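Enquirer: My questions will all concern the structure given below.
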Amino acid sequence: MGLWGALEAWRPGRERRMLRPGVQEDVTAVLHRSWSGDVTGMLFPHSRGSGQQSVTGVEASDDANSYWRIRGKSDGSCQRGTPVKCGQAIRLTHVNTGKNLHTHHFPSPLSNNQEVSAFGDDGEGDDLDIWIVQCSGTYWEREDAVRFKHVGTEVFLSITGEQYGHPIRGQREVHGMPTANHHNYWKAMEGVFVKPSVDPAKHDEL
């Protein structure tokens, strides 16, 4: 069973904290297999554009369909409960569908940036599911604003505010942008975070 948390699009001067019961307040680093999506709301898969499930943002912060897990670049490359390092390659897997956060050379429908989609089955996709965590220290800290740079196409996970109409009115387009700017900062927010065990190899399951 993977752990989950939340991610929020971040802007300077905007400090919103959303934590669910069970969060360990003294755990400061973001851990492997502990994540979710929140874009001024949440990352939410929906079928658009290329026919893959595009990832959109919504304002609500309590939708169970928003949760994502942090996984290593390949199976076995990260131990559950170990901190995620700055510069580390990760995959983000949607809890409800088992699809990975993915992007490819296909234009997004509203902004004409690069489409971001949910791709694969049961956590297995392809090399275009891999992102680098960009942060300033040694580890991705829960209070840090970080960027996610796509390995295969070198775009940054971003949101600029474009909204869809019917039938997903109000949901915002999440896309990839070629430059690092204020539209591609993210913070870990709501979620479940646990202390790593003394011997993670012997305590890999809840």
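Chain lettering (A, B, ...) mirrors the order of the structure tokens, residue numbering begins at 1 for each chain separately, and ligand numbering begins at 1 in order of display.
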Tell me which protein, DNA and RNA residues are within 12 Å of range 122-133 of chain A, counting only C-alpha atoms, leaving out same-chain ones fewer than 4 positions away, and put them as a PyMOL selection string.
Expert: chain A and resi 2+30+68-75+83-105+116-118+137-141+144-157+176+184-187
Enquirer: Could you work out how far CA of Glu115 in chain A lies from CA of Cys78 in chain A, giving the answer in Å with one decimal?
Expert: 27.4 Å
Enquirer: Choose the residue, out of A:Met177, A:Phe106, A:Gln171, A:Asn112, that has the smallest atom-to-atom separation from Gly57 in chain A; count only C-alpha atoms.
Expert: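 Counting only C-alpha atoms, the residue closest to Gly57 in chain A is A:Gln171.
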